[in-house]
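Trainee: Sharing a structure below in structure tokens format, with a few things to ask.
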Amino acid sequence: MHPRPPYDQPPLPPIPPLPPPPPNRRFSDIPIKAVYLVGAILGTVLAVLLIFVVFSGDVPTRQESGEQVATVAPVPTVSATPTPTASPTPSETPIVLPPVPDSKKFATLSGTASVVAGTITDKTVGITYPRFASPWKAKSFPPFSIAQRIGKVEVPHTVVASAMFPGDTPLKKPSTNADYREIATLAARWAMRSQYPKGATLDEWTASQKIPLGKGWTLGYKVSYTVKGKKQEAQAVVTIIEVGKNKPAMLLGSIPEANKSHWPDLNTLVAQIRPL
């Protein structure tokens, strides 16, 4: 047997040649716009990262409170409507006052009155009263608006000073002499605590009279106190004056025994005090 002849096969297509390898591109061959675009993207990313890194420490860990305002210690006050049953704290000695006379003329105190060098016009309070010559000197002396003093700032004080009544505003505006006398009594009680050594006592009322002009009342009183084991006394006056405000004005004059030659200055005050 003869072998079978092979099947006829179509000729194969020619194999196309391989494409040439891409040329090696250099940096200078990259389009300039592409370079700028990539640079801008990288710059933006770096800027954002830098902001977070640099300013992350500036975030406050807590909210600060508002500005603090220094508080001012209040002026010691007395109540215009005292409660008879109220008991003092253990650290305080009760101030016991003798009954206030309805009327008593202020007697002339012994000594030589100081020269009146002018007039003090206290516009803050609303009153005028004599300005004494040396050795009296005007000095800052809170809580008073204006004060004339002699000597060192020490208890007991030698002082003539004006201020608004340091107690609570009266619930009812005073209108009668009895009303002003009651407020003057409260002012004298306040002065006993603020102007004299602890344990001082008000022994006697030396005056209880209406002011010479306007509405108001003057009380004069004698105070006993002890300094370095020696018992001494002071003469004092307190005047309450209606000045058309919520509170009345107050003029306080107190002269201890060390300056007893100036006691007649209190008579001058009582005779010449005026509302504006």
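Chain lettering (A, B, ...) mirrors the order of the structure tokens, residue numbering begins at 1 for each chain separately, and ligand numbering begins at 1 in order of display.
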Using only C-alpha atoms, find each residue of region 156-221 of chain A with at least one atom at most 9 Å away from an atom of region 231-235 of chain A; report its shortest atom-to-atom pair and that distance in Å (one decimal), sort the rows by chain and rising residue number, and return the result as a Markdown table.
Mentor:
```
| residue | atom | partner | partner_atom | distance |
| --- | --- | --- | --- | --- |
| A:Pro156 | CA | A:Ala234 | CA | 8.5 |
| A:Thr206 | CA | A:Gln235 | CA | 8.8 |
| A:Gly220 | CA | A:Gln235 | CA | 7.7 |
| A:Tyr221 | CA | A:Gln235 | CA | 6.2 |
```
Trainee: Take the selection from the previous step and output its residues with N, CA and C atoms, as an mmCIF file, in the first residue's frame.
Mentor:
```
data_model
loop_
_atom_site.group_PDB
_atom_site.id
_atom_site.type_symbol
_atom_site.label_atom_id
_atom_site.label_comp_id
_atom_site.auth_asym_id
_atom_site.auth_seq_id
_atom_site.Cartn_x
_atom_site.Cartn_y
_atom_site.Cartn_z
ATOM 1 N N PRO A 156 -7.653 105.412 118.511
ATOM 2 C CA PRO A 156 -8.835 106.128 118.031
ATOM 3 C C PRO A 156 -8.454 107.255 117.067
ATOM 4 N N THR A 206 -24.228 113.992 124.634
ATOM 5 C CA THR A 206 -23.966 115.396 124.981
ATOM 6 C C THR A 206 -24.797 116.362 124.137
ATOM 7 N N GLY A 220 -24.491 114.436 119.850
ATOM 8 C CA GLY A 220 -23.164 114.525 120.440
ATOM 9 C C GLY A 220 -23.034 113.446 121.500
ATOM 10 N N TYR A 221 -21.811 112.919 121.665
ATOM 11 C CA TYR A 221 -21.655 111.845 122.649
ATOM 12 C C TYR A 221 -20.222 111.783 123.163
#
```
Trainee: Excluding region 158-168 of chain A and any residue of its chain fewer than 3 positions from it, enumerate the residues within 8 Å of it, using only C-alpha atoms, and give them as a VMD selection string.
Mentor: chain A and resid 75 to 80 122 125 143 to 151 186 to 187 190 240 247 to 256 259
Trainee: Choose the residue, out of A:Phe132, A:Trp205, A:Phe141, A:Trp217, that has the smallest atom-to-atom separation from Val270 (chain A); count only C-alpha atoms.
Mentor: A:Trp217
Trainee: What is the distance, in Å and to one decimal place, between CA of Gln195 (chain A) and CA of Val243 (chain A)?
Mentor: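 Spanning CA of Gln195 (chain A) to CA of Val243 (chain A) is a straight-line distance of 24.5 Å.
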Trainee: Enumerate the residues of region 116-271 of chain A with a DSSP assignment of strand (DSSP E or B), computed from the backbone, and present them as a PyMOL selection string.
Mentor: chain A and resi 116-122+127-132+137-138+146-149+159-164+201-210+216-227+230-241+249-256
